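Heads up, target.csv below (CSV, C-alpha atoms):
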```csv
chain,number,residue,atom,x,y,z
A,1,ARG,CA,7.0,-17.0,-6.7
A,2,PRO,CA,8.9,-15.9,-9.8
A,3,PRO,CA,6.4,-15.5,-12.7
A,4,GLY,CA,6.7,-18.2,-15.4
A,5,VAL,CA,7.0,-17.4,-19.1
A,6,ARG,CA,3.9,-19.4,-19.8
A,7,SER,CA,1.7,-17.6,-17.2
A,8,VAL,CA,2.9,-14.2,-18.5
A,9,PHE,CA,2.3,-15.2,-22.1
A,10,LEU,CA,-1.2,-16.5,-21.3
A,11,GLY,CA,-2.0,-13.4,-19.2
A,12,ALA,CA,-0.9,-11.1,-22.1
A,13,VAL,CA,-3.0,-13.0,-24.7
A,14,SER,CA,-6.0,-13.1,-22.4
A,15,ARG,CA,-5.9,-9.4,-22.0
A,16,VAL,CA,-5.7,-8.8,-25.8
A,17,LEU,CA,-8.8,-11.0,-26.2
A,18,TRP,CA,-10.5,-9.1,-23.4
A,19,TYR,CA,-9.8,-5.7,-25.0
A,20,VAL,CA,-10.7,-6.8,-28.6
A,21,PHE,CA,-13.5,-9.2,-28.1
A,22,GLY,CA,-14.6,-8.7,-24.4
A,23,VAL,CA,-13.6,-12.3,-23.4
A,24,PRO,CA,-13.0,-12.4,-19.7
A,25,CYS,CA,-9.4,-13.5,-18.7
A,26,ALA,CA,-10.1,-16.2,-16.2
A,27,TRP,CA,-9.3,-18.9,-18.7
A,28,SER,CA,-5.6,-18.0,-18.5
A,29,LEU,CA,-5.5,-19.0,-14.8
A,30,THR,CA,-5.3,-22.4,-13.1
A,31,LEU,CA,-8.6,-24.1,-12.3
A,32,ARG,CA,-8.2,-23.3,-8.6
A,33,GLU,CA,-7.4,-19.6,-9.3
A,34,ARG,CA,-10.5,-19.3,-11.6
A,35,GLU,CA,-12.7,-19.8,-8.5
A,36,LEU,CA,-10.6,-17.5,-6.3
A,37,VAL,CA,-10.8,-14.5,-8.6
A,38,ARG,CA,-14.5,-14.3,-8.3
A,39,TRP,CA,-15.8,-11.4,-6.3
A,40,ARG,CA,-17.7,-12.4,-3.2
A,41,SER,CA,-19.5,-10.5,-0.4
A,42,GLY,CA,-16.5,-11.0,1.8
A,43,ASP,CA,-14.2,-9.0,-0.6
A,44,SER,CA,-15.0,-5.7,1.0
A,45,LEU,CA,-12.8,-4.1,3.6
A,46,PRO,CA,-13.1,-6.4,6.7
A,47,GLY,CA,-13.1,-3.6,9.3
A,48,VAL,CA,-11.1,-1.4,11.6
A,49,ASP,CA,-9.7,-4.4,13.5
A,50,ALA,CA,-8.1,-5.8,10.4
A,51,ASP,CA,-6.1,-2.7,9.5
A,52,GLY,CA,-2.7,-4.1,10.6
A,53,ALA,CA,-0.8,-7.3,10.6
A,54,GLY,CA,-0.4,-8.0,14.3
A,55,ASP,CA,1.7,-5.3,15.9
A,56,ASP,CA,3.9,-4.7,12.9
A,57,SER,CA,4.6,-1.1,12.0
A,58,LEU,CA,4.1,0.3,8.5
A,59,ASP,CA,7.9,0.0,7.8
A,60,ALA,CA,7.9,-3.6,9.0
A,61,ARG,CA,5.0,-4.6,6.8
A,62,VAL,CA,6.5,-2.9,3.8
A,63,ALA,CA,9.9,-4.5,4.5
A,64,SER,CA,8.3,-7.9,4.7
A,65,LEU,CA,6.5,-7.3,1.5
A,66,ARG,CA,9.6,-6.1,-0.2
A,67,ARG,CA,11.6,-9.2,0.8
A,68,ALA,CA,8.8,-11.4,-0.6
A,69,LEU,CA,8.8,-9.5,-3.8
A,70,VAL,CA,12.6,-9.7,-4.2
A,71,ASP,CA,12.3,-13.5,-3.6
A,72,ALA,CA,9.6,-13.6,-6.3
A,73,GLY,CA,12.0,-11.9,-8.8
A,74,ALA,CA,10.5,-8.4,-8.7
A,75,SER,CA,13.9,-6.9,-9.3
A,76,LYS,CA,14.0,-8.5,-12.7
A,77,VAL,CA,10.6,-7.2,-13.7
A,78,ALA,CA,10.7,-4.2,-16.0
A,79,HIS,CA,8.3,-1.3,-15.7
A,80,VAL,CA,7.5,1.8,-17.8
A,81,THR,CA,9.3,4.0,-15.3
A,82,GLY,CA,12.3,1.7,-15.2
A,83,SER,CA,12.7,0.0,-11.8
A,84,PHE,CA,9.6,-1.9,-10.6
A,85,HIS,CA,10.7,-1.4,-7.0
A,86,ASP,CA,11.0,2.3,-7.5
A,87,HIS,CA,7.5,2.4,-9.0
A,88,LEU,CA,6.0,0.6,-6.0
A,89,GLY,CA,7.8,3.0,-3.6
A,90,ALA,CA,6.7,6.0,-5.6
A,91,VAL,CA,3.0,4.9,-5.3
A,92,ARG,CA,3.3,4.4,-1.6
A,93,GLY,CA,5.0,7.8,-1.2
A,94,ILE,CA,2.2,9.6,-3.1
A,95,LEU,CA,-0.4,7.9,-0.9
A,96,GLU,CA,1.5,9.0,2.2
A,97,LYS,CA,1.6,12.6,0.9
A,98,TRP,CA,-2.1,12.4,0.4
A,99,ALA,CA,-2.6,11.5,4.1
A,100,CYS,CA,-3.9,8.0,3.4
A,101,PRO,CA,-3.9,5.5,6.3
A,102,GLU,CA,-0.9,3.3,6.7
A,103,TRP,CA,-2.7,0.1,5.5
A,104,VAL,CA,-3.7,1.9,2.3
A,105,GLN,CA,0.0,2.9,1.8
A,106,VAL,CA,0.9,-0.8,2.2
A,107,ALA,CA,-1.7,-1.7,-0.4
A,108,GLY,CA,-0.3,0.9,-2.7
A,109,TYR,CA,3.2,-0.5,-2.3
A,110,GLY,CA,1.9,-4.0,-3.3
A,111,HIS,CA,-0.9,-2.9,-5.7
A,112,THR,CA,0.4,-5.2,-8.5
A,113,VAL,CA,1.5,-8.2,-6.5
A,114,TYR,CA,-1.3,-10.2,-8.1
A,115,GLY,CA,-0.8,-8.4,-11.4
A,116,SER,CA,-3.5,-6.2,-13.0
A,117,GLU,CA,-5.4,-5.7,-16.2
A,118,LEU,CA,-2.5,-3.8,-17.7
A,119,PHE,CA,0.3,-5.7,-16.0
A,120,PRO,CA,0.0,-9.5,-16.7
A,121,VAL,CA,2.8,-10.5,-14.3
A,122,GLN,CA,1.7,-12.3,-11.2
A,123,LEU,CA,4.3,-12.2,-8.4
A,124,ALA,CA,1.9,-14.0,-6.1
A,125,CYS,CA,-0.8,-16.6,-6.9
A,126,PHE,CA,-4.4,-15.9,-5.8
A,127,THR,CA,-4.0,-19.1,-3.8
A,128,LYS,CA,-1.6,-17.3,-1.5
A,129,ARG,CA,-4.2,-14.7,-0.3
A,130,ARG,CA,-4.2,-15.9,3.3
A,131,GLU,CA,-0.4,-15.8,3.6
A,132,LEU,CA,-0.3,-12.3,2.2
A,133,GLN,CA,-3.0,-11.2,4.7
A,134,SER,CA,-0.9,-12.4,7.5
A,135,THR,CA,2.0,-10.3,6.2
A,136,VAL,CA,0.3,-7.0,5.3
A,137,GLY,CA,-3.1,-7.2,7.1
A,138,ALA,CA,-6.6,-8.1,5.8
A,139,ASN,CA,-7.6,-4.6,4.7
A,140,ALA,CA,-4.4,-4.0,2.7
A,141,GLU,CA,-4.6,-7.4,1.0
A,142,THR,CA,-8.2,-6.9,0.1
A,143,LEU,CA,-7.4,-3.6,-1.7
A,144,MET,CA,-4.5,-5.3,-3.5
A,145,PHE,CA,-6.9,-8.2,-4.6
A,146,LEU,CA,-9.6,-5.8,-5.8
A,147,TYR,CA,-7.0,-3.6,-7.6
A,148,ALA,CA,-5.6,-6.7,-9.3
A,149,THR,CA,-9.0,-7.9,-10.6
A,150,THR,CA,-10.7,-4.6,-11.5
A,151,SER,CA,-10.9,-3.6,-15.1
A,152,GLN,CA,-9.0,-0.3,-15.5
A,153,ARG,CA,-10.4,0.5,-18.9
A,154,LYS,CA,-14.0,0.1,-17.8
A,155,LEU,CA,-13.4,2.2,-14.7
A,156,TYR,CA,-11.5,4.9,-16.7
A,157,ARG,CA,-14.3,5.1,-19.2
A,158,ILE,CA,-16.8,5.8,-16.6
A,159,VAL,CA,-14.6,8.5,-14.9
A,160,ALA,CA,-13.9,10.1,-18.2
A,161,ARG,CA,-17.6,10.4,-19.1
A,162,ASP,CA,-19.0,11.4,-15.7
A,163,THR,CA,-20.1,15.0,-16.3
A,164,ARG,CA,-20.4,15.6,-12.5
A,165,LEU,CA,-16.6,15.7,-12.4
A,166,ASP,CA,-16.2,18.7,-14.7
A,167,THR,CA,-15.1,21.8,-12.9
A,168,HIS,CA,-18.3,23.7,-13.5
A,169,ASN,CA,-20.3,20.8,-12.0
A,170,THR,CA,-18.2,19.8,-9.0
A,171,HIS,CA,-20.1,22.0,-6.6
A,172,THR,CA,-23.5,20.5,-7.6
A,173,SER,CA,-25.1,17.2,-6.9
A,174,THR,CA,-27.0,14.9,-9.2
A,175,SER,CA,-28.3,12.7,-6.3
A,176,ASN,CA,-32.0,12.4,-5.9
A,177,SER,CA,-33.8,12.7,-2.6
A,178,ASN,CA,-33.3,9.1,-1.8
A,179,GLY,CA,-29.5,9.4,-2.0
A,180,LYS,CA,-29.3,7.5,-5.3
A,181,GLU,CA,-27.6,8.7,-8.3
A,182,SER,CA,-29.7,9.6,-11.4
A,183,ASP,CA,-29.2,7.6,-14.5
A,184,ALA,CA,-29.5,10.1,-17.3
A,185,ASN,CA,-28.3,8.9,-20.6
A,186,GLU,CA,-26.2,11.2,-22.8
A,187,ASP,CA,-27.8,9.8,-25.9
A,188,ASP,CA,-31.1,11.3,-24.7
A,189,GLY,CA,-29.6,14.7,-24.4
A,190,GLY,CA,-29.1,14.5,-20.6
A,191,GLU,CA,-25.9,14.5,-18.5
A,192,TYR,CA,-24.1,11.2,-18.2
A,193,VAL,CA,-24.1,10.1,-14.6
A,194,SER,CA,-22.8,6.7,-13.8
A,195,LYS,CA,-24.3,4.3,-11.3
A,196,ASN,CA,-22.2,2.9,-8.4
A,197,ASP,CA,-21.7,-0.3,-10.4
A,198,ASP,CA,-18.5,1.1,-11.7
A,199,PHE,CA,-16.2,-1.8,-11.0
A,200,THR,CA,-15.9,-4.7,-13.4
A,201,ASN,CA,-13.9,-7.9,-12.7
A,202,PHE,CA,-12.0,-8.4,-15.9
A,203,TYR,CA,-11.3,-12.1,-15.1
A,204,THR,CA,-15.1,-12.9,-14.9
A,205,GLY,CA,-16.8,-9.9,-16.4
A,206,ALA,CA,-19.0,-9.5,-13.3
A,207,LEU,CA,-20.1,-6.0,-12.1
A,208,ARG,CA,-20.0,-5.2,-8.5
A,209,THR,CA,-21.3,-2.3,-6.3
A,210,LEU,CA,-18.5,-1.8,-3.8
A,211,PRO,CA,-19.0,-0.2,-0.4
A,212,THR,CA,-18.2,3.6,-0.4
A,213,GLU,CA,-14.9,3.2,1.5
A,214,THR,CA,-13.6,0.5,-0.8
A,215,ARG,CA,-14.4,2.6,-3.8
A,216,VAL,CA,-12.7,5.7,-2.4
A,217,TRP,CA,-9.4,4.0,-1.6
A,218,LEU,CA,-9.4,2.1,-5.0
A,219,LEU,CA,-10.0,5.4,-6.9
A,220,ILE,CA,-7.2,7.1,-4.9
A,221,MET,CA,-4.8,4.1,-5.5
A,222,HIS,CA,-5.5,4.3,-9.3
A,223,ALA,CA,-4.8,8.0,-9.2
A,224,ALA,CA,-1.5,7.5,-7.3
A,225,ASP,CA,-0.5,4.7,-9.7
A,226,ILE,CA,-0.9,6.9,-12.8
A,227,MET,CA,0.7,9.9,-11.2
A,228,SER,CA,3.8,7.9,-10.2
A,229,THR,CA,4.6,7.4,-13.9
A,230,LEU,CA,4.1,11.0,-15.0
A,231,LYS,CA,6.6,13.8,-15.4
A,232,ASP,CA,6.8,16.7,-12.9
A,233,PRO,CA,3.6,18.8,-13.2
A,234,GLU,CA,5.6,22.0,-13.8
A,235,THR,CA,7.3,20.2,-16.8
A,236,VAL,CA,3.9,19.1,-18.1
A,237,LYS,CA,2.6,22.7,-17.9
A,238,ARG,CA,5.5,23.9,-20.1
A,239,GLU,CA,4.9,21.0,-22.6
A,240,ARG,CA,1.1,21.3,-22.6
A,241,HIS,CA,1.0,22.3,-26.2
A,242,LYS,CA,3.2,19.4,-27.4
A,243,LYS,CA,1.6,16.3,-29.0
A,244,THR,CA,3.4,14.1,-26.5
A,245,ASN,CA,2.4,16.0,-23.4
A,246,GLN,CA,0.9,14.4,-20.3
A,247,PHE,CA,-1.5,17.2,-19.5
A,248,VAL,CA,-4.5,14.9,-20.4
A,249,SER,CA,-3.3,12.3,-17.9
A,250,TYR,CA,-3.0,14.9,-15.1
A,251,VAL,CA,-6.6,16.0,-15.8
A,252,PHE,CA,-7.7,12.4,-15.6
A,253,VAL,CA,-5.9,11.9,-12.2
A,254,ILE,CA,-7.8,15.0,-11.0
A,255,ARG,CA,-11.1,13.4,-12.1
A,256,LEU,CA,-10.3,10.2,-10.2
A,257,LEU,CA,-9.6,12.2,-7.1
A,258,ARG,CA,-12.8,14.3,-7.6
A,259,ARG,CA,-14.8,11.0,-7.9
A,260,ALA,CA,-13.3,9.8,-4.6
A,261,LEU,CA,-14.0,13.2,-2.9
A,262,GLN,CA,-17.5,13.0,-4.3
A,263,ALA,CA,-18.1,9.6,-2.7
A,264,VAL,CA,-16.7,10.9,0.7
A,265,ARG,CA,-19.1,13.8,0.6
A,266,GLU,CA,-22.1,11.7,-0.4
A,267,GLU,CA,-21.5,9.4,2.5
A,268,GLU,CA,-21.2,12.3,4.9
A,269,THR,CA,-24.5,13.8,3.5
A,270,ALA,CA,-26.2,10.5,3.9
A,271,GLU,CA,-25.2,10.3,7.5
A,272,ILE,CA,-26.5,13.8,8.2
A,273,THR,CA,-29.7,13.2,6.2
A,274,HIS,CA,-30.5,9.8,7.6
A,275,GLY,CA,-28.7,10.3,10.9
A,276,LEU,CA,-30.0,7.1,12.5
A,277,PRO,CA,-28.2,5.6,15.5
A,278,VAL,CA,-25.8,2.7,14.6
A,279,PRO,CA,-27.3,-0.6,15.8
A,280,VAL,CA,-25.6,-2.4,18.6
A,281,GLY,CA,-22.8,-4.6,17.3
A,282,GLN,CA,-22.7,-2.9,13.9
A,283,LYS,CA,-19.5,-1.0,12.9
A,284,LYS,CA,-19.9,2.7,12.3
A,285,LYS,CA,-19.1,3.9,8.8
A,286,ARG,CA,-15.4,4.3,8.4
A,287,LEU,CA,-15.2,7.3,6.1
A,288,THR,CA,-16.6,9.8,8.6
A,289,ARG,CA,-14.5,12.9,9.5
A,290,GLU,CA,-14.0,11.2,12.9
A,291,ASN,CA,-12.2,8.3,11.4
A,292,HIS,CA,-10.3,10.1,8.6
A,293,PRO,CA,-10.4,13.7,9.6
A,294,SER,CA,-7.8,14.9,7.1
A,295,LEU,CA,-9.0,12.9,4.0
A,296,GLU,CA,-11.5,15.4,2.6
A,297,ARG,CA,-9.1,18.3,3.2
A,298,SER,CA,-6.2,16.4,1.7
A,299,LEU,CA,-8.2,15.6,-1.5
A,300,LEU,CA,-9.3,19.2,-1.9
A,301,TRP,CA,-5.8,20.5,-1.4
A,302,THR,CA,-4.3,17.9,-3.8
A,303,ILE,CA,-6.9,18.6,-6.5
A,304,GLY,CA,-6.4,22.3,-6.3
A,305,ASP,CA,-2.6,22.1,-6.1
A,306,LEU,CA,-2.4,19.8,-9.2
A,307,ALA,CA,-4.7,22.0,-11.2
A,308,THR,CA,-2.6,25.0,-10.4
A,309,GLN,CA,0.7,23.3,-11.1
A,310,ILE,CA,-0.3,22.1,-14.6
A,311,GLY,CA,-2.1,25.4,-15.4
A,312,MET,CA,-5.5,23.8,-15.7
A,313,ASP,CA,-8.6,26.0,-16.4
A,314,VAL,CA,-12.1,25.3,-17.5
A,315,ALA,CA,-11.3,25.6,-21.2
A,316,ASN,CA,-8.2,23.4,-21.4
A,317,GLU,CA,-9.7,20.9,-18.9
A,318,GLN,CA,-12.7,20.5,-21.1
A,319,SER,CA,-10.5,20.1,-24.1
A,320,ALA,CA,-8.5,17.3,-22.4
A,321,VAL,CA,-11.7,15.5,-21.3
A,322,THR,CA,-13.1,15.8,-24.9
A,323,VAL,CA,-9.9,14.1,-26.2
A,324,LEU,CA,-10.5,11.2,-23.8
A,325,GLN,CA,-14.2,10.9,-24.5
A,326,ASN,CA,-13.7,11.0,-28.3
A,327,THR,CA,-11.0,8.3,-28.2
A,328,ARG,CA,-12.8,5.2,-29.3
A,329,ASN,CA,-9.9,2.7,-29.5
A,330,GLU,CA,-9.7,1.1,-26.1
A,331,LEU,CA,-5.9,0.7,-26.0
A,332,LEU,CA,-5.3,4.3,-27.2
A,333,PHE,CA,-7.8,5.6,-24.6
A,334,VAL,CA,-6.1,3.8,-21.7
A,335,ALA,CA,-2.7,4.9,-23.0
A,336,ARG,CA,-3.8,8.5,-23.0
A,337,CYS,CA,-5.1,8.2,-19.4
A,338,LEU,CA,-1.8,6.7,-18.4
A,339,GLY,CA,0.3,9.3,-20.2
A,340,VAL,CA,2.0,6.8,-22.4
A,341,LEU,CA,0.9,8.7,-25.5
```

Re-express the file's structure as structure tokens.
Amino acid sequence: RPPGVRSVFLGAVSRVLWYVFGVPCAWSLTLRERELVRWRSGDSLPGVDADGAGDDSLDARVASLRRALVDAGASKVAHVTGSFHDHLGAVRGILEKWACPEWVQVAGYGHTVYGSELFPVQLACFTKRRELQSTVGANAETLMFLYATTSQRKLYRIVARDTRLDTHNTHTSTSNSNGKESDANEDDGGEYVSKNDDFTNFYTGALRTLPTETRVWLLIMHAADIMSTLKDPETVKRERHKKTNQFVSYVFVIRLLRRALQAVREEETAEITHGLPVPVGQKKKRLTRENHPSLERSLLWTIGDLATQIGMDVANEQSAVTVLQNTRNELLFVARCLGVL
């Protein structure tokens, strides 16, 4: 449906209060939607059988979603890159280039259908989730829902602070023998290593430990979303020393992809370490090389290619990360991650 002026206004005000005072944004929704934005156990990826929407092809699902967005007034919605439709198409194109499954590409095309923390324009109500699932598939819709309700600033802070993602640490692991991440605190002089509870629902303020696959695809979607708004990496390399450059944003995109790659490798290691047979009737983990054989290779290639194109080395990477870590103002921090400043 076309977004109303009142809903957009309330959405914008609620996000200001969330950023300044930490007040969750659910109050800006209808009573029915306030219940529907809560994260429940069923809000993880349903499974392999839910990848598609019937027998519809990728192009058919994207076309159906595009028609629905046009009917909802998407063509009249402005975006930082100009055309909202062009932005959605660009995100999908990046995900395709990164060898993501078709249903992830569909989710990327519709990543802001329900709005987001930084985009208070809802083109679809949360009451329409079942209808959207029938159009794009349950897995794609689930990613769209989680993207729409996840706090970007909370996630970005964790990714910016995670020392494991620095170039000199990416070949080492901070996992203990039980496969759990350590919880060193940088205030105690140790490395900062985040827990898996790195997703916060900005509507309710609730923390959630998401399954590995769900985390991986959400991280990749966030990286693609940011990258779709940035200048060409070669241009950024030439402008690296200007105050308005987007070099910091590209470094942040690389950190998001490194965190996704790290999660993929941790799951593979867990399967090798604990290699127990899958119980009868239980679905096998979906991020194995068997299910997504090109994902790890694609992430490695993308990270290396982006680093080369922007001229990133250990020194200027650390300088960019320090800029983000030392930015205390939340709005300024997010703007730097996104390349707005």

Report the closest atom pair, with its distance in Å rounded to one decimal, for each residue of range 196-267 of chain A that has an atom no farther than 9 Å from range 297-303 of chain A; count all atoms listed in the file, sort by chain and then rising residue number, and write it as JSON lines.
```
{"residue": "A:Val253", "atom": "CA", "partner": "A:Ile303", "partner_atom": "CA", "distance": 8.9}
{"residue": "A:Ile254", "atom": "CA", "partner": "A:Ile303", "partner_atom": "CA", "distance": 5.8}
{"residue": "A:Arg255", "atom": "CA", "partner": "A:Ile303", "partner_atom": "CA", "distance": 8.7}
{"residue": "A:Leu257", "atom": "CA", "partner": "A:Leu299", "partner_atom": "CA", "distance": 6.7}
{"residue": "A:Arg258", "atom": "CA", "partner": "A:Ile303", "partner_atom": "CA", "distance": 7.4}
{"residue": "A:Ala260", "atom": "CA", "partner": "A:Leu299", "partner_atom": "CA", "distance": 8.3}
{"residue": "A:Leu261", "atom": "CA", "partner": "A:Leu299", "partner_atom": "CA", "distance": 6.4}
```

Hey, which of A:Gln152, A:Thr308, A:Thr235, A:Ser294 ends up closest to Leu338 in chain A? Count all atoms listed in the file.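 Smallest separation from Leu338 in chain A among the options: A:Gln152.
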
Long-range neighbours of Asn201 in chain A as a ChimeraX atom specification, 9 Å cut-off, all atoms listed in the file, 2 positions minimum in chain: /A:24,37-39,146,149-151,199,203-208

So that I can see what lies close to Val323 in chain A, please list as a ChimeraX atom specification the residues with an atom at most 9 Å from it, counting all atoms listed in the file and leaving out residues fewer than 4 positions away in the same chain. /A:248,318-319,327,333,336

Please determine, counting only C-alpha atoms, which residue among A:Leu287, A:Leu230, A:Leu155, A:Ala107 has the shortest atom-to-atom distance to Gly339 in chain A.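 Of all the options, A:Leu230 lies closest to Gly339 in chain A.
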
Among the residues A:Ser41, A:Ser14, A:Asn169, A:Thr135, the one that comes closest to Ala60 in chain A [using only C-alpha atoms]: A:Thr135

Can you list every residue of range 13-67 of chain A that has an atom at most 10 Å from range 117-128 of chain A, with its nearest atom pair and the distance in Å to one decimal, using all atoms listed in the file, ordered by chain then number, as a tab-separated table?
```
residue	atom	partner	partner_atom	distance
A:Val13	CA	A:Pro120	CA	9.2
A:Ser14	CA	A:Pro120	CA	9.0
A:Arg15	CA	A:Glu117	CA	6.9
A:Trp18	CA	A:Glu117	CA	9.5
A:Tyr19	CA	A:Glu117	CA	9.8
A:Cys25	CA	A:Glu117	CA	9.1
A:Leu29	CA	A:Cys125	CA	9.5
A:Thr30	CA	A:Cys125	CA	9.6
A:Arg32	CA	A:Thr127	CA	7.6
A:Glu33	CA	A:Phe126	CA	5.9
A:Arg34	CA	A:Phe126	CA	9.1
A:Glu35	CA	A:Phe126	CA	9.6
A:Leu36	CA	A:Phe126	CA	6.4
A:Val37	CA	A:Phe126	CA	7.1
```

Shortest interatomic distance to Ala223 in chain A - which of A:Arg92, A:His292, A:Arg328, A:Arg61, counting only C-alpha atoms: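 When distances to Ala223 in chain A are compared using only C-alpha atoms, the smallest one comes from A:Arg92.
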
Which residues are close to Leu95 in chain A, i.e. within 12 Å by all atoms listed in the file, leaving aside same-chain residues fewer than 6 positions away? Reply as number ranges by chain. A: 88-89, 101-109, 111, 217-228, 257, 295, 298-299, 302

Store the residues picked out above in a file with C-alpha atoms, as a PDB file, keeping the file's coordinate frame.
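File produced: part_30.pdb:
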```
ATOM      1  CA  LEU A  88       6.000   0.600  -6.000  1.00  0.00           C
ATOM      2  CA  GLY A  89       7.800   3.000  -3.600  1.00  0.00           C
ATOM      3  CA  PRO A 101      -3.900   5.500   6.300  1.00  0.00           C
ATOM      4  CA  GLU A 102      -0.900   3.300   6.700  1.00  0.00           C
ATOM      5  CA  TRP A 103      -2.700   0.100   5.500  1.00  0.00           C
ATOM      6  CA  VAL A 104      -3.700   1.900   2.300  1.00  0.00           C
ATOM      7  CA  GLN A 105       0.000   2.900   1.800  1.00  0.00           C
ATOM      8  CA  VAL A 106       0.900  -0.800   2.200  1.00  0.00           C
ATOM      9  CA  ALA A 107      -1.700  -1.700  -0.400  1.00  0.00           C
ATOM     10  CA  GLY A 108      -0.300   0.900  -2.700  1.00  0.00           C
ATOM     11  CA  TYR A 109       3.200  -0.500  -2.300  1.00  0.00           C
ATOM     12  CA  HIS A 111      -0.900  -2.900  -5.700  1.00  0.00           C
ATOM     13  CA  TRP A 217      -9.400   4.000  -1.600  1.00  0.00           C
ATOM     14  CA  LEU A 218      -9.400   2.100  -5.000  1.00  0.00           C
ATOM     15  CA  LEU A 219     -10.000   5.400  -6.900  1.00  0.00           C
ATOM     16  CA  ILE A 220      -7.200   7.100  -4.900  1.00  0.00           C
ATOM     17  CA  MET A 221      -4.800   4.100  -5.500  1.00  0.00           C
ATOM     18  CA  HIS A 222      -5.500   4.300  -9.300  1.00  0.00           C
ATOM     19  CA  ALA A 223      -4.800   8.000  -9.200  1.00  0.00           C
ATOM     20  CA  ALA A 224      -1.500   7.500  -7.300  1.00  0.00           C
ATOM     21  CA  ASP A 225      -0.500   4.700  -9.700  1.00  0.00           C
ATOM     22  CA  ILE A 226      -0.900   6.900 -12.800  1.00  0.00           C
ATOM     23  CA  MET A 227       0.700   9.900 -11.200  1.00  0.00           C
ATOM     24  CA  SER A 228       3.800   7.900 -10.200  1.00  0.00           C
ATOM     25  CA  LEU A 257      -9.600  12.200  -7.100  1.00  0.00           C
ATOM     26  CA  LEU A 295      -9.000  12.900   4.000  1.00  0.00           C
ATOM     27  CA  SER A 298      -6.200  16.400   1.700  1.00  0.00           C
ATOM     28  CA  LEU A 299      -8.200  15.600  -1.500  1.00  0.00           C
ATOM     29  CA  THR A 302      -4.300  17.900  -3.800  1.00  0.00           C
TER      30      THR A 302
END
```

Nearest-residue call for Ser44 in chain A, choices A:Leu210, A:Val23, A:Ala68, A:Ala63, using only C-alpha atoms: A:Leu210

Please compute the CA of Phe145 in chain A-CA of Tyr114 in chain A distance, one decimal, in Å.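 It comes out at 6.9 Å.
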
Grab the CA of Glu267 in chain A to CA of Thr212 in chain A distance for me, in Å with one decimal place. 7.3 Å

From the options A:Leu256, A:Gln262, A:Glu330, A:Asp166, which residue's atoms come nearest to Ala315 in chain A, counting only C-alpha atoms?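 Distance minimum relative to Ala315 in chain A lands on A:Asp166.
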
So how many Å separate CA of Glu141 in chain A and CA of Ala335 in chain A, to one decimal? 27.0 Å
